[in-house]
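Okay, work-v3.cif now, which holds mmCIF, C-alpha atoms:
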data_final
#
loop_
_atom_site.group_PDB
_atom_site.id
_atom_site.type_symbol
_atom_site.label_atom_id
_atom_site.label_comp_id
_atom_site.auth_asym_id
_atom_site.auth_seq_id
_atom_site.Cartn_x
_atom_site.Cartn_y
_atom_site.Cartn_z
ATOM 1 C CA MET W 1 67.336 -24.772 -15.924
ATOM 2 C CA THR W 2 70.491 -23.630 -14.248
ATOM 3 C CA THR W 3 70.561 -20.004 -13.365
ATOM 4 C CA PHE W 4 73.742 -18.086 -12.935
ATOM 5 C CA PHE W 5 73.817 -14.933 -10.974
ATOM 6 C CA SER W 6 76.049 -12.240 -12.189
ATOM 7 C CA LEU W 7 77.806 -10.210 -9.591
ATOM 8 C CA LYS W 8 79.217 -6.814 -10.112
ATOM 9 C CA ILE W 9 82.600 -6.611 -8.579
ATOM 10 C CA SER W 10 83.979 -3.152 -8.373
ATOM 11 C CA PRO W 11 87.533 -2.221 -7.516
ATOM 12 C CA PRO W 12 88.199 -0.588 -4.147
ATOM 13 C CA PRO W 13 87.729 3.132 -4.037
ATOM 14 C CA VAL W 14 90.778 5.150 -4.935
ATOM 15 C CA PHE W 15 91.747 7.904 -2.560
ATOM 16 C CA ASP W 16 92.243 11.269 -4.100
ATOM 17 C CA LYS W 17 94.836 12.197 -1.567
ATOM 18 C CA ILE W 18 97.446 10.101 0.228
ATOM 19 C CA ILE W 19 97.336 10.744 3.963
ATOM 20 C CA SER W 20 100.691 11.286 5.618
ATOM 21 C CA ASP W 21 101.561 9.797 8.984
ATOM 22 C CA LYS W 22 101.324 13.169 10.660
ATOM 23 C CA GLU W 23 97.814 13.780 9.426
ATOM 24 C CA PHE W 24 96.530 10.309 10.270
ATOM 25 C CA LYS W 25 94.784 10.249 13.635
ATOM 26 C CA PRO W 26 93.323 6.947 14.736
ATOM 27 C CA GLN W 27 89.912 7.341 16.272
ATOM 28 C CA ALA W 28 88.400 5.182 18.963
ATOM 29 C CA ARG W 29 85.396 3.577 17.349
ATOM 30 C CA CYS W 30 84.146 2.008 20.557
ATOM 31 C CA GLU W 31 84.199 5.040 22.801
ATOM 32 C CA THR W 32 80.560 4.682 23.693
ATOM 33 C CA VAL W 33 80.883 0.934 24.233
ATOM 34 C CA ASN W 34 83.928 1.406 26.496
ATOM 35 C CA HIS W 35 82.076 4.065 28.449
ATOM 36 C CA GLU W 36 79.060 1.777 28.836
ATOM 37 C CA ILE W 37 81.240 -1.137 29.970
ATOM 38 C CA SER W 38 83.138 0.909 32.528
ATOM 39 C CA SER W 39 79.941 2.436 33.895
ATOM 40 C CA SER W 40 78.341 -1.010 34.128
ATOM 41 C CA ARG W 41 81.444 -2.280 35.969
ATOM 42 C CA ARG W 42 81.178 0.615 38.376
ATOM 43 C CA HIS W 43 77.513 -0.164 38.846
ATOM 44 C CA LEU W 44 78.255 -3.852 39.550
ATOM 45 C CA LEU W 45 80.995 -2.908 41.991
ATOM 46 C CA ALA W 46 78.683 -0.503 43.777
ATOM 47 C CA VAL W 47 75.965 -3.154 44.008
ATOM 48 C CA PHE W 48 78.486 -5.720 45.310
ATOM 49 C CA VAL W 49 79.925 -3.367 47.936
ATOM 50 C CA GLY W 50 76.431 -2.290 48.940
ATOM 51 C CA SER W 51 75.300 -5.875 49.365
ATOM 52 C CA LEU W 52 78.391 -6.656 51.421
ATOM 53 C CA ALA W 53 77.724 -3.691 53.668
ATOM 54 C CA PHE W 54 74.056 -4.563 53.971
ATOM 55 C CA ASN W 55 74.713 -8.225 54.787
ATOM 56 C CA GLY W 56 77.563 -7.492 57.186
ATOM 57 C CA GLY W 57 80.145 -8.845 54.778
ATOM 58 C CA PHE W 58 82.746 -6.207 55.657
ATOM 59 C CA ALA W 59 83.441 -7.719 59.080
ATOM 60 C CA PRO W 60 85.304 -10.772 57.711
ATOM 61 C CA LEU W 61 87.093 -8.607 55.140
ATOM 62 C CA VAL W 62 88.297 -6.185 57.826
ATOM 63 C CA ALA W 63 89.461 -9.046 60.055
ATOM 64 C CA TRP W 64 91.203 -10.652 57.103
ATOM 65 C CA ALA W 65 92.980 -7.391 56.206
ATOM 66 C CA GLU W 66 94.168 -6.880 59.788
ATOM 67 C CA ASP W 67 95.683 -10.344 60.041
ATOM 68 C CA GLU W 68 98.684 -9.908 57.732
ATOM 69 C CA GLN W 69 100.771 -12.406 59.673
ATOM 70 C CA GLN W 70 98.320 -15.142 58.773
ATOM 71 C CA ASP W 71 98.711 -14.214 55.099
ATOM 72 C CA GLU W 72 102.490 -14.422 55.398
ATOM 73 C CA SER W 73 102.281 -17.832 57.040
ATOM 74 C CA LEU W 74 99.915 -19.014 54.306
ATOM 75 C CA VAL W 75 102.295 -17.820 51.603
ATOM 76 C CA GLY W 76 105.155 -19.506 53.443
ATOM 77 C CA ALA W 77 103.178 -22.739 53.646
ATOM 78 C CA ILE W 78 102.445 -22.648 49.928
ATOM 79 C CA LYS W 79 106.094 -21.923 49.120
ATOM 80 C CA SER W 80 107.274 -24.746 51.363
ATOM 81 C CA LEU W 81 104.836 -27.104 49.699
ATOM 82 C CA PHE W 82 106.632 -26.696 46.373
ATOM 83 C CA ASP W 83 110.138 -26.350 47.814
ATOM 84 C CA PRO W 84 112.085 -29.644 47.630
ATOM 85 C CA ASN W 85 114.102 -28.680 50.712
ATOM 86 C CA GLU W 86 113.181 -28.143 54.336
ATOM 87 C CA LYS W 87 114.859 -26.477 57.293
ATOM 88 C CA THR W 88 115.791 -28.830 60.129
ATOM 89 C CA LYS W 89 115.654 -28.201 63.888
ATOM 90 C CA SER W 90 119.363 -27.400 63.803
ATOM 91 C CA GLY W 91 118.827 -24.838 61.019
ATOM 92 C CA LYS W 92 120.276 -26.751 58.077
ATOM 93 C CA VAL W 93 118.416 -27.045 54.797
ATOM 94 C CA LEU W 94 118.094 -30.652 53.626
ATOM 95 C CA PRO W 95 115.927 -32.480 51.073
ATOM 96 C CA LYS W 96 112.373 -33.061 52.319
ATOM 97 C CA ALA W 97 112.422 -36.633 51.069
ATOM 98 C CA TYR W 98 115.513 -37.384 53.146
ATOM 99 C CA LEU W 99 114.067 -35.784 56.268
ATOM 100 C CA SER W 100 110.798 -37.663 55.861
ATOM 101 C CA SER W 101 112.571 -40.994 55.389
ATOM 102 C CA ALA W 102 114.991 -40.394 58.268
ATOM 103 C CA ARG W 103 112.193 -39.324 60.628
ATOM 104 C CA GLU W 104 110.255 -42.458 59.729
ATOM 105 C CA VAL W 105 113.286 -44.641 60.547
ATOM 106 C CA VAL W 106 113.809 -42.892 63.876
ATOM 107 C CA LYS W 107 110.136 -43.143 64.811
ATOM 108 C CA THR W 108 109.536 -46.760 63.824
ATOM 109 C CA LEU W 109 112.856 -48.050 65.150
ATOM 110 C CA ARG W 110 112.285 -46.304 68.487
ATOM 111 C CA GLU W 111 108.776 -47.811 68.697
ATOM 112 C CA SER W 112 110.086 -51.292 67.939
ATOM 113 C CA LEU W 113 112.775 -51.008 70.621
ATOM 114 C CA LYS W 114 110.255 -49.897 73.237
ATOM 115 C CA GLU W 115 107.783 -52.657 72.372
ATOM 116 C CA ASP W 116 107.454 -55.636 74.703
ATOM 117 C CA PRO W 117 109.034 -58.696 72.994
ATOM 118 C CA ASN W 118 106.719 -61.053 74.928
ATOM 119 C CA ASP W 119 103.681 -59.909 72.890
ATOM 120 C CA MET W 120 104.984 -61.539 69.732
ATOM 121 C CA ALA W 121 102.208 -60.436 67.309
ATOM 122 C CA LYS W 122 102.417 -56.748 68.212
ATOM 123 C CA PHE W 123 106.222 -56.857 68.420
ATOM 124 C CA ARG W 124 106.465 -58.461 64.958
ATOM 125 C CA ARG W 125 104.094 -55.844 63.454
ATOM 126 C CA VAL W 126 106.107 -52.940 64.871
ATOM 127 C CA ALA W 127 109.434 -54.565 63.975
ATOM 128 C CA ASP W 128 108.269 -55.178 60.404
ATOM 129 C CA ALA W 129 107.317 -51.497 60.057
ATOM 130 C CA ALA W 130 110.785 -50.506 61.296
ATOM 131 C CA LYS W 131 112.455 -52.992 58.950
ATOM 132 C CA GLU W 132 110.529 -51.590 55.972
ATOM 133 C CA ALA W 133 111.398 -47.985 56.925
ATOM 134 C CA ILE W 134 115.090 -48.932 57.209
ATOM 135 C CA ARG W 135 115.036 -50.687 53.822
ATOM 136 C CA GLU W 136 113.453 -47.680 52.148
ATOM 137 C CA TYR W 137 115.900 -45.305 53.837
ATOM 138 C CA LEU W 138 118.931 -47.338 52.786
ATOM 139 C CA ALA W 139 117.648 -47.850 49.241
ATOM 140 C CA ASN W 140 117.140 -44.120 48.701
ATOM 141 C CA TRP W 141 119.845 -42.454 50.809
ATOM 142 C CA ARG W 142 122.790 -44.808 51.329
ATOM 143 C CA GLY W 143 125.891 -43.078 49.966
ATOM 144 C CA GLN W 144 124.028 -40.007 48.667
ATOM 145 C CA GLN W 145 126.475 -37.098 48.484
ATOM 146 C CA SER W 146 123.813 -34.543 49.440
ATOM 147 C CA VAL W 147 123.379 -36.051 52.935
ATOM 148 C CA ILE W 148 126.357 -38.319 53.598
ATOM 149 C CA ASN W 149 128.148 -35.731 55.775
ATOM 150 C CA GLU W 150 125.082 -34.771 57.804
ATOM 151 C CA GLU W 151 125.065 -35.593 61.525
ATOM 152 C CA SER W 152 121.648 -37.222 61.298
ATOM 153 C CA TYR W 153 122.814 -39.514 58.507
ATOM 154 C CA VAL W 154 125.923 -40.569 60.446
ATOM 155 C CA VAL W 155 124.101 -41.436 63.689
ATOM 156 C CA ILE W 156 121.208 -43.193 61.918
ATOM 157 C CA GLU W 157 123.777 -45.288 60.095
ATOM 158 C CA LYS W 158 125.449 -46.098 63.451
ATOM 159 C CA ALA W 159 122.101 -47.198 64.897
ATOM 160 C CA ILE W 160 121.311 -49.384 61.890
ATOM 161 C CA ARG W 161 124.793 -50.934 61.932
ATOM 162 C CA ALA W 162 124.573 -51.716 65.653
ATOM 163 C CA LEU W 163 121.221 -53.414 65.117
ATOM 164 C CA ALA W 164 122.429 -55.336 62.051
ATOM 165 C CA SER W 165 125.648 -56.361 63.780
ATOM 166 C CA PHE W 166 123.781 -57.792 66.760
ATOM 167 C CA TYR W 167 121.261 -59.735 64.677
ATOM 168 C CA SER W 168 123.946 -61.079 62.310
ATOM 169 C CA LYS W 169 125.826 -62.538 65.303
ATOM 170 C CA ALA W 170 122.920 -63.643 67.522
ATOM 171 C CA GLY W 171 120.350 -64.610 64.896
ATOM 172 C CA PRO W 172 117.071 -63.001 63.760
ATOM 173 C CA SER W 173 114.960 -64.114 66.717
ATOM 174 C CA ALA W 174 117.401 -63.307 69.541
ATOM 175 C CA PRO W 175 116.187 -60.835 72.184
ATOM 176 C CA LEU W 176 118.001 -57.506 72.059
ATOM 177 C CA PRO W 177 120.126 -56.843 75.196
ATOM 178 C CA GLU W 178 119.610 -53.585 77.096
ATOM 179 C CA GLN W 179 123.123 -52.345 76.324
ATOM 180 C CA VAL W 180 122.521 -52.543 72.543
ATOM 181 C CA LYS W 181 119.047 -51.046 72.956
ATOM 182 C CA SER W 182 120.364 -48.056 74.906
ATOM 183 C CA GLU W 183 123.148 -47.490 72.352
ATOM 184 C CA ILE W 184 120.655 -47.496 69.482
ATOM 185 C CA ILE W 185 118.164 -45.282 71.330
ATOM 186 C CA SER W 186 120.989 -42.837 72.142
ATOM 187 C CA ASN W 187 121.870 -42.657 68.429
ATOM 188 C CA LEU W 188 118.206 -42.176 67.504
ATOM 189 C CA ASP W 189 117.860 -39.340 70.050
ATOM 190 C CA THR W 190 120.936 -37.650 68.571
ATOM 191 C CA ALA W 191 119.556 -38.059 65.049
ATOM 192 C CA ASP W 192 116.220 -36.617 66.139
ATOM 193 C CA GLN W 193 117.981 -33.442 67.327
ATOM 194 C CA PHE W 194 119.377 -32.873 63.829
ATOM 195 C CA LEU W 195 116.166 -33.655 61.962
#

Now, as a test, write the supplied structure out as structure tokens.
Amino acid sequence: MTTFFSLKISPPPVFDKIISDKEFKPQARCETVNHEISSSRRHLLAVFVGSLAFNGGFAPLVAWAEDEQQDESLVGAIKSLFDPNEKTKSGKVLPKAYLSSAREVVKTLRESLKEDPNDMAKFRRVADAAKEAIREYLANWRGQQSVINEESYVVIEKAIRALASFYSKAGPSAPLPEQVKSEIISNLDTADQFL
């Protein structure tokens, strides 16, 4: 009922002569395949170039090749995307996160100081945005050794202290006097020059 197949297993052939390293010459077994592949690649390239020429596809390629400055700016943009630092207007290299946070404080605080306090809803909205930007800035950058000696950090801190000092004395709903406003705006303008 059960059938077993018998297999003849023979030992590997024995070489009569041992080949030395000098006599051994490896041969390319796929010479014809490699030749066929390279000729088919050439054919595909020729067809592609021909179709580009026929369809007018060389015009954008020529314009692209001539505009090397655009390529350099693109490479620079890609590099700056992954670089954690950024060059400021004054030429210093500072952390991008710091510059972004500091610029947000300057922008929102300036907007809140220029807003009309009589329109309470709009004033409150702008002031809340400035307050949130200041909180984030102080939470992330207060006392950080990488930026503590920077001019922008020093003058932003002066502006925030002047604002906090006034509101701690006069109360949270007191109108800001022009003298304090001009001092803070002056500090923000100075900070903006260094960002």

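Here atom CA of Lys169 of chain W is placed at a distance of 27.2 Å from atom CA of Glu151 of chain W.
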
Surrounding residues of segment 181-192 of chain W excluding itself and chain neighbours under 4 positions, 8 Å, only C-alpha atoms, as a VMD selection string: chain W and resid 103 106 110 113 151 to 153 155 to 156 158 to 160 162 to 163 176 to 177

Contacts of Ser101 of chain W within 8 Å, all atoms listed in the file, excl. fewer than 6 positions in-chain, as a PyMOL selection string: chain W and resi 133+136-137

Length of the atom CA of Ala129 of chain W to atom CA of Val93 of chain W vector [Å]: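 Taking atom CA of Ala129 of chain W as the start and atom CA of Val93 of chain W as the end point, the length is 27.4 Å.
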
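Restricting the calculation to all atoms listed in the file, the smallest distance between Ala97 of chain W and any of W:Ile78, W:Val147, W:Ala170, W:Val180 is found for W:Val147.
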
Separation of atom CA of Ala130 of chain W from atom CA of Val105 of chain W, in Å and rounded to one decimal: 6.4 Å

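Closest to Gln144 of chain W among W:Ala127, W:Pro175, W:Lys114, W:Pro95 is W:Pro95, based on only C-alpha atoms.
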
Chain and number of each residue from the PyMOL selection byres ((chain W and resi 86) around 10), as number ranges by chain: W: 80-81, 83-85, 87-89, 91-100, 195

Please write the residues picked by the PyMOL selection byres ((chain W and resi 126) around 8) on this file as an mmCIF file with C-alpha atoms, in the coordinates of the input.
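Saved result, selection-v4.cif, follows:
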data_model
loop_
_atom_site.group_PDB
_atom_site.id
_atom_site.type_symbol
_atom_site.label_atom_id
_atom_site.label_comp_id
_atom_site.auth_asym_id
_atom_site.auth_seq_id
_atom_site.Cartn_x
_atom_site.Cartn_y
_atom_site.Cartn_z
ATOM 1 C CA THR W 108 109.536 -46.760 63.824
ATOM 2 C CA GLU W 111 108.776 -47.811 68.697
ATOM 3 C CA SER W 112 110.086 -51.292 67.939
ATOM 4 C CA GLU W 115 107.783 -52.657 72.372
ATOM 5 C CA LYS W 122 102.417 -56.748 68.212
ATOM 6 C CA PHE W 123 106.222 -56.857 68.420
ATOM 7 C CA ARG W 124 106.465 -58.461 64.958
ATOM 8 C CA ARG W 125 104.094 -55.844 63.454
ATOM 9 C CA ALA W 127 109.434 -54.565 63.975
ATOM 10 C CA ASP W 128 108.269 -55.178 60.404
ATOM 11 C CA ALA W 129 107.317 -51.497 60.057
ATOM 12 C CA ALA W 130 110.785 -50.506 61.296
#

Proximity to Glu157 of chain W - best of W:Glu104, W:Leu138, W:Leu109, W:Pro172, all atoms listed in the file: W:Leu138
